[in-house]
$ cat upload.txt   # compact mmCIF, C-alpha atoms
# COMPACT_ATOMS: atom_id res chain seq x y z
CA MET A 1 -63.21 3.27 -24.10
CA GLU A 2 -62.14 0.55 -21.73
CA THR A 3 -58.81 1.00 -19.99
CA GLN A 4 -56.02 -0.97 -21.72
CA TYR A 5 -53.60 -2.57 -19.28
CA LYS A 6 -50.10 -3.78 -20.05
CA LEU A 7 -48.14 -5.61 -17.35
CA THR A 8 -44.39 -6.07 -17.84
CA TYR A 9 -42.28 -8.46 -15.78
CA PHE A 10 -39.72 -11.21 -16.19
CA ASN A 11 -40.89 -14.65 -17.30
CA GLY A 12 -41.82 -15.79 -13.80
CA ARG A 13 -44.58 -15.49 -11.24
CA GLY A 14 -42.61 -13.48 -8.65
CA LEU A 15 -43.86 -10.01 -7.82
CA ALA A 16 -46.19 -9.93 -10.82
CA GLU A 17 -48.30 -12.98 -10.01
CA PRO A 18 -50.59 -11.35 -7.41
CA ILE A 19 -51.39 -8.72 -10.07
CA ARG A 20 -52.09 -11.44 -12.65
CA LEU A 21 -54.34 -13.25 -10.15
CA LEU A 22 -56.33 -10.04 -9.65
CA PHE A 23 -56.77 -9.58 -13.39
CA ALA A 24 -57.81 -13.23 -13.75
CA TYR A 25 -60.36 -12.97 -10.94
CA ALA A 26 -61.77 -9.66 -12.23
CA LYS A 27 -61.85 -11.15 -15.73
CA VAL A 28 -60.24 -8.01 -17.09
CA GLU A 29 -58.08 -8.29 -20.21
CA TYR A 30 -54.45 -7.19 -20.03
CA GLU A 31 -51.26 -7.69 -21.99
CA ASP A 32 -48.99 -10.05 -20.03
CA VAL A 33 -45.54 -9.05 -21.33
CA ARG A 34 -42.70 -11.29 -20.15
CA ILE A 35 -39.20 -10.11 -20.97
CA GLU A 36 -36.09 -12.24 -21.12
CA LYS A 37 -33.03 -11.36 -19.03
CA PRO A 38 -31.00 -10.02 -22.00
CA GLN A 39 -33.71 -7.42 -22.70
CA TRP A 40 -33.57 -6.01 -19.17
CA PRO A 41 -30.50 -3.72 -19.27
CA SER A 42 -31.90 -1.68 -22.16
CA MET A 43 -35.41 -1.59 -20.67
CA LYS A 44 -34.34 -0.74 -17.10
CA PRO A 45 -33.81 3.02 -17.72
CA THR A 46 -37.33 3.28 -19.20
CA THR A 47 -38.98 2.10 -15.95
CA PRO A 48 -39.95 4.55 -13.19
CA PHE A 49 -37.34 3.33 -10.67
CA GLY A 50 -35.32 0.64 -12.48
CA LYS A 51 -37.56 -2.21 -11.34
CA LEU A 52 -40.24 -4.58 -12.55
CA PRO A 53 -43.14 -5.22 -12.56
CA ILE A 54 -44.62 -2.13 -14.13
CA LEU A 55 -48.23 -1.66 -15.11
CA GLU A 56 -49.08 0.70 -17.97
CA PHE A 57 -52.52 2.18 -18.38
CA ASP A 58 -54.05 5.52 -19.39
CA GLY A 59 -50.69 6.44 -20.91
CA LYS A 60 -48.86 6.09 -17.59
CA LYS A 61 -46.29 3.66 -16.18
CA VAL A 62 -46.56 2.55 -12.56
CA GLY A 63 -44.16 0.41 -10.51
CA GLN A 64 -44.44 -1.15 -7.03
CA SER A 65 -46.39 -4.39 -7.12
CA VAL A 66 -48.12 -4.01 -3.76
CA ALA A 67 -49.32 -0.49 -4.57
CA ILE A 68 -50.64 -1.75 -7.91
CA CYS A 69 -52.55 -4.58 -6.21
CA ARG A 70 -54.07 -2.19 -3.67
CA TYR A 71 -55.19 0.11 -6.48
CA LEU A 72 -56.74 -2.70 -8.53
CA GLY A 73 -58.23 -4.19 -5.37
CA LYS A 74 -59.94 -0.87 -4.62
CA LYS A 75 -61.21 -0.63 -8.20
CA TRP A 76 -62.67 -4.15 -8.03
CA ASN A 77 -64.14 -3.95 -4.50
CA LEU A 78 -61.55 -6.16 -2.84
CA THR A 79 -60.55 -3.95 0.10
CA GLY A 80 -63.14 -5.16 2.62
CA LYS A 81 -66.22 -3.39 3.92
CA ASP A 82 -64.67 -0.24 5.46
CA ASP A 83 -61.44 1.67 6.21
CA TRP A 84 -60.67 -0.64 9.13
CA ASP A 85 -60.70 -3.68 6.82
CA SER A 86 -58.63 -1.77 4.31
CA LEU A 87 -56.09 -1.05 7.07
CA GLN A 88 -56.00 -4.75 7.97
CA CYS A 89 -55.27 -5.65 4.33
CA ASP A 90 -52.37 -3.19 4.34
CA VAL A 91 -51.04 -4.41 7.70
CA LEU A 92 -51.15 -8.07 6.70
CA VAL A 93 -49.57 -7.49 3.29
CA ASP A 94 -46.72 -5.50 4.87
CA THR A 95 -46.35 -8.23 7.50
CA LEU A 96 -46.01 -10.75 4.67
CA GLY A 97 -43.43 -8.38 3.18
CA ASP A 98 -41.40 -8.53 6.40
CA LEU A 99 -41.42 -12.33 6.32
CA LYS A 100 -40.59 -12.45 2.59
CA GLN A 101 -37.67 -10.11 3.19
CA GLN A 102 -36.23 -12.57 5.72
CA VAL A 103 -36.78 -15.53 3.39
CA GLY A 104 -35.17 -13.47 0.61
CA GLN A 105 -32.10 -12.79 2.74
CA TYR A 106 -31.68 -16.53 3.25
CA ARG A 107 -32.13 -17.29 -0.43
CA MET A 108 -29.62 -14.59 -1.51
CA GLU A 109 -26.98 -15.60 1.06
CA GLN A 110 -23.78 -16.76 -0.67
CA ASP A 111 -21.82 -18.16 2.29
CA PRO A 112 -22.97 -21.79 2.77
CA ALA A 113 -22.44 -21.80 6.56
CA ILE A 114 -24.31 -18.54 7.09
CA LYS A 115 -26.98 -19.71 4.67
CA GLU A 116 -27.56 -22.87 6.68
CA GLU A 117 -27.70 -20.83 9.89
CA LYS A 118 -30.27 -18.49 8.33
CA LYS A 119 -32.29 -21.47 7.12
CA GLN A 120 -32.39 -23.03 10.59
CA ASN A 121 -33.34 -19.71 12.14
CA LEU A 122 -36.16 -19.31 9.63
CA ILE A 123 -37.48 -22.85 10.05
CA LYS A 124 -37.23 -22.97 13.84
CA GLU A 125 -38.15 -19.41 14.79
CA THR A 126 -39.20 -16.83 12.24
CA ILE A 127 -41.58 -18.88 10.11
CA PRO A 128 -43.44 -20.58 12.97
CA PHE A 129 -43.70 -17.21 14.75
CA TYR A 130 -45.38 -15.57 11.77
CA LEU A 131 -47.40 -18.52 10.51
CA GLN A 132 -48.91 -19.35 13.91
CA LYS A 133 -50.17 -15.80 14.26
CA LEU A 134 -51.41 -15.68 10.67
CA GLU A 135 -53.08 -19.09 11.04
CA GLN A 136 -55.06 -17.74 13.99
CA ILE A 137 -56.11 -14.63 12.05
CA VAL A 138 -57.26 -16.67 9.06
CA LYS A 139 -59.08 -19.10 11.36
CA GLU A 140 -60.98 -16.20 12.95
CA ASN A 141 -61.90 -14.81 9.53
CA ASP A 142 -63.50 -17.90 7.99
CA ASP A 143 -60.38 -18.82 5.98
CA TYR A 144 -59.93 -15.31 4.63
CA LEU A 145 -57.43 -12.77 5.97
CA VAL A 146 -59.73 -9.83 6.62
CA GLY A 147 -63.34 -9.44 7.66
CA GLY A 148 -64.46 -12.93 6.62
CA GLN A 149 -64.48 -11.96 2.95
CA LEU A 150 -62.18 -12.02 -0.07
CA THR A 151 -59.73 -9.10 -0.32
CA TRP A 152 -56.66 -8.30 -2.41
CA ALA A 153 -54.55 -9.38 0.57
CA ASP A 154 -55.68 -12.98 -0.01
CA PHE A 155 -54.19 -12.87 -3.53
CA GLN A 156 -50.82 -11.72 -2.15
CA TYR A 157 -50.83 -14.52 0.41
CA ALA A 158 -51.95 -17.22 -2.04
CA ALA A 159 -49.08 -16.38 -4.40
CA SER A 160 -46.55 -16.37 -1.54
CA LEU A 161 -47.87 -19.56 0.07
CA GLU A 162 -47.50 -21.34 -3.26
CA ASN A 163 -43.82 -20.32 -3.35
CA PHE A 164 -43.43 -21.18 0.32
CA GLU A 165 -44.39 -24.80 -0.38
CA LEU A 166 -41.91 -24.88 -3.27
CA ILE A 167 -39.06 -23.61 -1.08
CA PHE A 168 -39.78 -25.49 2.15
CA GLY A 169 -41.65 -28.56 0.86
CA LYS A 170 -45.23 -29.55 0.07
CA GLU A 171 -45.81 -30.51 3.72
CA ALA A 172 -44.62 -27.14 5.07
CA LEU A 173 -48.20 -25.87 5.46
CA ASP A 174 -49.61 -29.06 7.01
CA GLN A 175 -49.49 -27.52 10.48
CA TYR A 176 -51.38 -24.49 9.22
CA PRO A 177 -54.63 -25.88 7.81
CA HIS A 178 -56.36 -22.49 7.62
CA LEU A 179 -53.53 -20.88 5.67
CA LYS A 180 -53.54 -23.89 3.38
CA ALA A 181 -57.31 -23.57 2.96
CA LEU A 182 -56.91 -19.86 2.16
CA LYS A 183 -54.37 -20.64 -0.55
CA GLU A 184 -56.49 -23.40 -2.01
CA ARG A 185 -59.70 -21.37 -2.03
CA VAL A 186 -57.98 -18.52 -3.92
CA PHE A 187 -56.63 -20.92 -6.54
CA GLU A 188 -60.12 -22.42 -6.95
CA LEU A 189 -61.78 -19.06 -7.60
CA PRO A 190 -63.50 -18.67 -10.96
CA GLY A 191 -61.11 -16.96 -13.34
CA ILE A 192 -58.08 -17.90 -11.27
CA LYS A 193 -58.55 -21.64 -11.73
CA GLU A 194 -58.57 -21.11 -15.51
CA TRP A 195 -55.52 -18.81 -15.32
CA VAL A 196 -53.48 -21.32 -13.31
CA ALA A 197 -54.34 -24.06 -15.83
CA LYS A 198 -53.09 -22.02 -18.77
CA ARG A 199 -50.34 -19.77 -17.34
CA PRO A 200 -46.73 -20.28 -18.46
CA VAL A 201 -44.96 -22.82 -16.24
CA THR A 202 -41.98 -21.22 -14.48
CA GLU A 203 -39.99 -22.20 -11.40
CA PHE A 204 -40.92 -19.10 -9.35
CA MET B 1 -66.60 10.05 22.42
CA GLU B 2 -63.46 11.01 20.59
CA THR B 3 -61.12 8.19 19.62
CA GLN B 4 -58.26 7.79 22.12
CA TYR B 5 -54.95 6.97 20.44
CA LYS B 6 -51.89 5.45 22.09
CA LEU B 7 -48.68 5.12 20.08
CA THR B 8 -45.94 2.86 21.45
CA TYR B 9 -42.38 2.88 20.16
CA PHE B 10 -38.81 3.06 21.40
CA ASN B 11 -37.44 6.42 22.53
CA GLY B 12 -36.47 7.54 19.05
CA ARG B 13 -37.97 9.01 15.90
CA GLY B 14 -37.46 5.99 13.63
CA LEU B 15 -40.56 4.32 12.23
CA ALA B 16 -42.86 6.18 14.61
CA GLU B 17 -41.97 9.74 13.63
CA PRO B 18 -44.08 9.95 10.44
CA ILE B 19 -47.06 8.90 12.59
CA ARG B 20 -46.21 11.55 15.19
CA LEU B 21 -45.89 14.18 12.44
CA LEU B 22 -49.36 13.26 11.19
CA PHE B 23 -50.85 13.61 14.68
CA ALA B 24 -49.07 16.94 15.13
CA TYR B 25 -50.35 18.26 11.81
CA ALA B 26 -53.90 17.04 12.42
CA LYS B 27 -53.71 18.49 15.94
CA VAL B 28 -55.13 15.26 17.33
CA GLU B 29 -54.17 14.25 20.86
CA TYR B 30 -52.44 10.91 21.42
CA GLU B 31 -50.38 9.21 24.07
CA ASP B 32 -46.75 9.10 22.92
CA VAL B 33 -45.41 6.11 24.85
CA ARG B 34 -41.66 5.57 24.57
CA ILE B 35 -40.31 2.37 26.03
CA GLU B 36 -36.74 1.71 27.08
CA LYS B 37 -34.83 -1.25 25.65
CA PRO B 38 -35.05 -3.35 28.88
CA GLN B 39 -38.87 -3.21 28.69
CA TRP B 40 -38.97 -4.63 25.18
CA PRO B 41 -38.51 -8.40 25.74
CA SER B 42 -41.55 -8.58 28.04
CA MET B 43 -43.64 -6.33 25.79
CA LYS B 44 -42.71 -8.01 22.49
CA PRO B 45 -45.13 -10.97 22.85
CA THR B 46 -48.02 -8.55 23.48
CA THR B 47 -47.58 -6.87 20.07
CA PRO B 48 -49.34 -8.19 16.94
CA PHE B 49 -46.16 -9.40 15.19
CA GLY B 50 -43.32 -8.75 17.66
CA LYS B 51 -42.57 -5.28 16.31
CA LEU B 52 -42.98 -1.60 17.12
CA PRO B 53 -44.50 0.88 16.53
CA ILE B 54 -48.01 -0.11 17.43
CA LEU B 55 -51.01 2.19 17.51
CA GLU B 56 -53.87 1.38 19.88
CA PHE B 57 -57.35 2.78 19.36
CA ASP B 58 -60.95 1.60 19.68
CA GLY B 59 -59.67 -1.27 21.81
CA LYS B 60 -57.44 -2.60 19.04
CA LYS B 61 -53.68 -2.83 18.48
CA VAL B 62 -52.27 -2.19 15.02
CA GLY B 63 -48.69 -2.57 13.78
CA GLN B 64 -46.99 -1.61 10.50
CA SER B 65 -46.06 2.06 10.45
CA VAL B 66 -46.73 2.69 6.76
CA ALA B 67 -50.19 1.13 6.94
CA ILE B 68 -50.96 3.25 10.01
CA CYS B 69 -49.87 6.43 8.19
CA ARG B 70 -51.99 5.58 5.15
CA TYR B 71 -55.01 4.99 7.41
CA LEU B 72 -54.55 8.26 9.31
CA GLY B 73 -53.80 10.06 6.06
CA LYS B 74 -57.11 8.84 4.63
CA LYS B 75 -58.94 9.91 7.78
CA TRP B 76 -57.43 13.40 7.64
CA ASN B 77 -57.77 13.96 3.86
CA LEU B 78 -54.09 13.53 3.05
CA THR B 79 -54.31 11.00 0.21
CA GLY B 80 -54.63 13.44 -2.70
CA LYS B 81 -57.65 14.22 -4.82
CA ASP B 82 -58.46 10.77 -6.27
CA ASP B 83 -57.47 7.09 -6.46
CA TRP B 84 -54.67 7.91 -8.89
CA ASP B 85 -53.07 10.30 -6.36
CA SER B 86 -53.59 7.73 -3.65
CA LEU B 87 -51.75 5.17 -5.82
CA GLN B 88 -48.89 7.64 -6.32
CA CYS B 89 -48.59 8.11 -2.54
CA ASP B 90 -48.35 4.34 -2.13
CA VAL B 91 -45.84 3.94 -4.97
CA LEU B 92 -43.56 6.69 -3.68
CA VAL B 93 -43.67 5.50 -0.07
CA ASP B 94 -42.79 1.95 -1.15
CA THR B 95 -40.02 3.36 -3.35
CA LEU B 96 -38.66 5.18 -0.29
CA GLY B 97 -38.92 1.85 1.51
CA ASP B 98 -36.71 0.22 -1.14
CA LEU B 99 -34.09 2.92 -0.71
CA LYS B 100 -34.28 2.79 3.10
CA GLN B 101 -33.80 -0.97 2.96
CA GLN B 102 -30.53 -0.49 1.08
CA VAL B 103 -29.35 2.21 3.49
CA GLY B 104 -30.34 -0.10 6.36
CA GLN B 105 -28.26 -2.95 4.91
CA TYR B 106 -25.23 -0.66 4.87
CA ARG B 107 -25.84 0.55 8.42
CA MET B 108 -26.29 -3.01 9.78
CA GLU B 109 -23.21 -4.40 7.99
CA GLN B 110 -20.63 -5.66 10.50
CA ASP B 111 -17.65 -6.34 8.22
CA PRO B 112 -15.76 -3.02 7.82
CA ALA B 113 -14.55 -3.74 4.26
CA ILE B 114 -17.99 -4.78 3.01
CA LYS B 115 -19.51 -1.85 4.87
CA GLU B 116 -17.23 0.61 3.06
CA GLU B 117 -18.03 -1.06 -0.26
CA LYS B 118 -21.76 -0.75 0.45
CA LYS B 119 -21.33 2.88 1.43
CA GLN B 120 -19.51 3.73 -1.79
CA ASN B 121 -22.13 1.91 -3.83
CA LEU B 122 -24.87 3.84 -2.07
CA ILE B 123 -23.19 7.22 -2.45
CA LYS B 124 -22.07 6.77 -6.05
CA GLU B 125 -24.98 4.81 -7.51
CA THR B 126 -28.07 3.97 -5.53
CA ILE B 127 -28.73 7.28 -3.80
CA PRO B 128 -28.15 9.52 -6.84
CA PHE B 129 -30.29 7.16 -8.94
CA TYR B 130 -33.25 7.46 -6.57
CA LEU B 131 -32.82 11.08 -5.53
CA GLN B 132 -32.49 12.40 -9.10
CA LYS B 133 -35.76 10.74 -10.06
CA LEU B 134 -37.49 11.87 -6.87
CA GLU B 135 -36.15 15.41 -7.27
CA GLN B 136 -37.77 15.56 -10.71
CA ILE B 137 -41.10 14.29 -9.37
CA VAL B 138 -41.11 16.83 -6.53
CA LYS B 139 -40.13 19.60 -8.95
CA GLU B 140 -43.09 18.74 -11.19
CA ASN B 141 -45.46 18.72 -8.22
CA ASP B 142 -44.72 22.18 -6.79
CA ASP B 143 -42.41 20.82 -4.06
CA TYR B 144 -44.88 18.17 -2.97
CA LEU B 145 -44.67 14.49 -3.94
CA VAL B 146 -48.14 13.96 -5.36
CA GLY B 147 -50.62 16.13 -7.24
CA GLY B 148 -49.17 19.47 -6.15
CA GLN B 149 -50.69 19.15 -2.68
CA LEU B 150 -49.78 17.86 0.77
CA THR B 151 -50.22 14.11 1.30
CA TRP B 152 -49.19 11.60 3.93
CA ALA B 153 -46.32 10.59 1.62
CA ASP B 154 -44.69 13.98 2.27
CA PHE B 155 -44.56 13.18 6.00
CA GLN B 156 -42.78 9.91 5.32
CA TYR B 157 -40.24 11.64 3.11
CA ALA B 158 -39.65 14.55 5.48
CA ALA B 159 -38.84 12.18 8.33
CA SER B 160 -36.48 10.13 6.14
CA LEU B 161 -34.77 13.14 4.58
CA GLU B 162 -34.03 14.46 8.05
CA ASN B 163 -32.28 11.17 8.88
CA PHE B 164 -30.58 11.15 5.49
CA GLU B 165 -28.85 14.45 6.30
CA LEU B 166 -27.77 13.05 9.66
CA ILE B 167 -26.25 9.93 8.07
CA PHE B 168 -24.67 11.47 4.96
CA GLY B 169 -24.08 15.05 6.07
CA LYS B 170 -25.98 18.35 6.11
CA GLU B 171 -24.87 19.09 2.52
CA ALA B 172 -26.13 15.74 1.19
CA LEU B 173 -29.34 17.31 -0.14
CA ASP B 174 -27.72 20.40 -1.65
CA GLN B 175 -27.93 18.90 -5.15
CA TYR B 176 -31.62 18.21 -4.63
CA PRO B 177 -33.16 21.60 -3.86
CA HIS B 178 -36.74 20.45 -4.39
CA LEU B 179 -36.41 17.51 -2.01
CA LYS B 180 -34.82 19.85 0.49
CA ALA B 181 -37.69 22.32 0.01
CA LEU B 182 -40.20 19.51 0.53
CA LYS B 183 -38.54 18.52 3.80
CA GLU B 184 -38.39 22.10 5.01
CA ARG B 185 -41.99 22.91 4.11
CA VAL B 186 -43.25 19.87 6.06
CA PHE B 187 -41.23 20.87 9.14
CA GLU B 188 -42.64 24.42 8.88
CA LEU B 189 -46.27 23.27 8.82
CA PRO B 190 -48.48 24.51 11.64
CA GLY B 191 -48.59 21.86 14.34
CA ILE B 192 -45.41 20.20 13.10
CA LYS B 193 -43.21 23.22 13.80
CA GLU B 194 -44.44 23.21 17.40
CA TRP B 195 -43.96 19.44 17.70
CA VAL B 196 -40.37 19.59 16.45
CA ALA B 197 -39.59 22.37 18.95
CA LYS B 198 -40.85 20.31 21.89
CA ARG B 199 -40.24 16.67 20.91
CA PRO B 200 -37.70 14.59 22.85
CA VAL B 201 -34.23 14.96 21.36
CA THR B 202 -32.93 11.57 20.15
CA GLU B 203 -30.22 10.57 17.71
CA PHE B 204 -32.54 8.83 15.22
$ encode --input "upload.txt" --output "structure tokens"
Amino acid sequence: METQYKLTYFNGRGLAEPIRLLFAYAKVEYEDVRIEKPQWPSMKPTTPFGKLPILEFDGKKVGQSVAICRYLGKKWNLTGKDDWDSLQCDVLVDTLGDLKQQVGQYRMEQDPAIKEEKKQNLIKETIPFYLQKLEQIVKENDDYLVGGQLTWADFQYAASLENFELIFGKEALDQYPHLKALKERVFELPGIKEWVAKRPVTEF
Amino acid sequence: METQYKLTYFNGRGLAEPIRLLFAYAKVEYEDVRIEKPQWPSMKPTTPFGKLPILEFDGKKVGQSVAICRYLGKKWNLTGKDDWDSLQCDVLVDTLGDLKQQVGQYRMEQDPAIKEEKKQNLIKETIPFYLQKLEQIVKENDDYLVGGQLTWADFQYAASLENFELIFGKEALDQYPHLKALKERVFELPGIKEWVAKRPVTEF
């Protein structure tokens, strides 16, 4: 019997979207459960560590979106050609995680003055620092992140770059044509193009 | 020719120690470079993303400590018996990362009142929430994290649990005998016991 997958998350792209992109690309069926905020307090204790997304399959519940993507990526031959490529996927996804953590700290900041300071620091230093290095890597890998071929890391980046343009403006990637090309090529992939056309429209 | 490894980090355990524990356990030689703070500004631009640790081998420089540990763990058969175990290693290491991030936010907090509030929240809610769940997992896996056998995830946890006792007190793990047993068994492993006896003494 084929494995039955059930993905549970809030009604947003967020941490679940890279998983959904992988399912769409692999053309594997799954149940895309989206809970509303009022349902969360009663569901929270039933999750492995009080967080979403969770993926259920083979009678088990698994959290941690990046770990889930790595697992599905391995299953669907999206970890590159060898252990070195697989390491590069992990390194680049954790590097994206570092950058997202800093963007998250800005977005969560309550004090308007500190928030503005964090925004300026991000725009003038942190983001250019990361994106220039990433742009070079993607340029050297034929508009992919690792080994000149599609990997699960590209799905993580495509989902984040989409949000990046929403937060910092549609022109925010203009200086990074290879990152922009990476994002666009992922969203044009068969399976993903159809998913994006039909997925629920949410802010993030 | 055997691979030559060079690990560069500050003179502390920190993010490098799980890597050092892996080398010690595998009994693989490496250069353990520890830089002093004044050396960092000139070295920073030579690292992949402005961070330490980095591991150099085969003429390449790699950052991201967790990714490095996963790679070495795979090389030295420390990822469990199958892809499911490997997924569990990843999930539990990222879960530890979530908890460490919250402890880090408390430790970095400058405002004494907010710092105390964060500490109380950690001690009364966050830490018991995580450690009770982890204790149960370790109990079910014969005092290992995954599949009743040693994996690279155990090295990550052992290093963090050592710091946890330093931050919150030697008795902080008394309620979690299986986590304590996990930590102790890792530090008693051949290779690691010798490393701990001879490693440079640093605060963290």
$ residues_around --input "upload.txt" --residues "region 102-114 of chain A" --least-positions-apart "2" --cutoff "12 Å" --atoms "only C-alpha atoms" --output "list in words"
Gly14, Thr95, Leu96, Gly97, Asp98, Leu99, Lys100, Glu116, Glu117, Lys118, Lys119, Gln120, Asn121, Leu122, Ile123, Glu125, Thr126, Ile127, Tyr130, Ser160, Asn163, Phe164, Ile167 and Phe168 of chain A; Gln101 and Gln105 of chain B
$ interface_residues --input "upload.txt" --of "chain B" --to "chain A" --cutoff "9 Å" --atoms "only C-alpha atoms" --output "MDAnalysis selection string"
chainID B and resid 48:50 62:68 70:71 74:75 83:84 86:92 94:95 129:130 133
$ write_last_selection --input "upload.txt" --atoms "C-alpha atoms" --output "JSON list (two decimals), keeping the file's coordinate frame"
[["chain", "number", "residue", "atom", "x", "y", "z"],
["B", 48, "PRO", "CA", -49.34, -8.19, 16.94],
["B", 49, "PHE", "CA", -46.16, -9.40, 15.19],
["B", 50, "GLY", "CA", -43.32, -8.75, 17.66],
["B", 62, "VAL", "CA", -52.27, -2.19, 15.02],
["B", 63, "GLY", "CA", -48.69, -2.57, 13.78],
["B", 64, "GLN", "CA", -46.99, -1.61, 10.50],
["B", 65, "SER", "CA", -46.06, 2.06, 10.45],
["B", 66, "VAL", "CA", -46.73, 2.69, 6.76],
["B", 67, "ALA", "CA", -50.19, 1.13, 6.94],
["B", 68, "ILE", "CA", -50.96, 3.25, 10.01],
["B", 70, "ARG", "CA", -51.99, 5.58, 5.15],
["B", 71, "TYR", "CA", -55.01, 4.99, 7.41],
["B", 74, "LYS", "CA", -57.11, 8.84, 4.63],
["B", 75, "LYS", "CA", -58.94, 9.91, 7.78],
["B", 83, "ASP", "CA", -57.47, 7.09, -6.46],
["B", 84, "TRP", "CA", -54.67, 7.91, -8.89],
["B", 86, "SER", "CA", -53.59, 7.73, -3.65],
["B", 87, "LEU", "CA", -51.75, 5.17, -5.82],
["B", 88, "GLN", "CA", -48.89, 7.64, -6.32],
["B", 89, "CYS", "CA", -48.59, 8.11, -2.54],
["B", 90, "ASP", "CA", -48.35, 4.34, -2.13],
["B", 91, "VAL", "CA", -45.84, 3.94, -4.97],
["B", 92, "LEU", "CA", -43.56, 6.69, -3.68],
["B", 94, "ASP", "CA", -42.79, 1.95, -1.15],
["B", 95, "THR", "CA", -40.02, 3.36, -3.35],
["B", 129, "PHE", "CA", -30.29, 7.16, -8.94],
["B", 130, "TYR", "CA", -33.25, 7.46, -6.57],
["B", 133, "LYS", "CA", -35.76, 10.74, -10.06]]
$ closest_atom_pairs --input "upload.txt" --of "region 131-191 of chain A" --to "region 26-47 of chain A" --cutoff "12 Å" --atoms "all atoms listed in the file" --output "CSV"
residue,atom,partner,partner_atom,distance
A:Trp152,CA,A:Ala26,CA,11.2
A:Phe155,CA,A:Ala26,CA,12.0
A:Leu189,CA,A:Ala26,CA,10.5
A:Pro190,CA,A:Lys27,CA,9.1
A:Gly191,CA,A:Lys27,CA,6.3
$ atom_distance --input "upload.txt" --atom1 "CA of Ala16 (chain B)" --atom2 "CA of Pro128 (chain B)"
26.2 Å
$ residues_around --input "upload.txt" --residues "His178 (chain B)" --least-positions-apart "2" --cutoff "6 Å" --atoms "only C-alpha atoms" --output "ChimeraX atom specification"
/B:135,139,143,176,180-181
$ axis_aligned_box --input "upload.txt" --around "region 100-106 of chain A" --padding-each-side "3 Å" --output "lines of an AutoDock Vina configuration file"
center_x = -36.1
center_y = -13.3
center_z = 3.2
size_x = 14.9
size_y = 12.4
size_z = 11.1
$ atom_distance --input "upload.txt" --atom1 "CA of Gln132 (chain A)" --atom2 "CA of Pro53 (chain B)"
20.9 Å
$ closest_residue --input "upload.txt" --among "B:Glu56, B:Thr79, B:Gln149, B:Glu162" --to "Val196 (chain B)" --atoms "all atoms listed in the file"
B:Glu162
$ residues_around --input "upload.txt" --residues "Leu166 (chain A)" --least-positions-apart "6" --cutoff "10 Å" --atoms "all atoms listed in the file" --output "VMD selection string"
chain A and resid 160 172 203 to 204
$ atom_distance --input "upload.txt" --atom1 "CA of Leu15 (chain A)" --atom2 "CA of Asp154 (chain A)"
14.5 Å
$ decode --input "upload.txt" --residues "region 115-123 of chain B" --atoms "N, CA, C and O atoms" --output "tab-separated table (two decimals), in the first residue's frame"
chain	number	residue	atom	x	y	z
B	115	LYS	N	15.36	39.98	31.65
B	115	LYS	CA	16.19	38.79	31.76
B	115	LYS	C	15.66	37.84	32.83
B	115	LYS	O	15.56	36.63	32.63
B	116	GLU	N	15.27	38.40	33.97
B	116	GLU	CA	14.72	37.59	35.06
B	116	GLU	C	13.40	36.94	34.63
B	116	GLU	O	13.16	35.76	34.92
B	117	GLU	N	12.59	37.72	33.93
B	117	GLU	CA	11.32	37.19	33.43
B	117	GLU	C	11.56	36.01	32.47
B	117	GLU	O	10.90	34.97	32.55
B	118	LYS	N	12.53	36.19	31.57
B	118	LYS	CA	12.87	35.12	30.63
B	118	LYS	C	13.39	33.89	31.36
B	118	LYS	O	13.07	32.76	31.00
B	119	LYS	N	14.18	34.13	32.40
B	119	LYS	CA	14.73	33.01	33.16
B	119	LYS	C	13.61	32.20	33.83
B	119	LYS	O	13.59	30.98	33.76
B	120	GLN	N	12.68	32.93	34.46
B	120	GLN	CA	11.57	32.24	35.14
B	120	GLN	C	10.73	31.45	34.14
B	120	GLN	O	10.29	30.34	34.42
B	121	ASN	N	10.50	32.06	32.98
B	121	ASN	CA	9.72	31.40	31.95
B	121	ASN	C	10.41	30.12	31.46
B	121	ASN	O	9.77	29.08	31.28
B	122	LEU	N	11.72	30.22	31.31
B	122	LEU	CA	12.50	29.04	30.92
B	122	LEU	C	12.41	27.94	31.97
B	122	LEU	O	12.13	26.78	31.65
B	123	ILE	N	12.67	28.33	33.22
B	123	ILE	CA	12.75	27.33	34.29
B	123	ILE	C	11.40	26.70	34.59
B	123	ILE	O	11.30	25.50	34.84
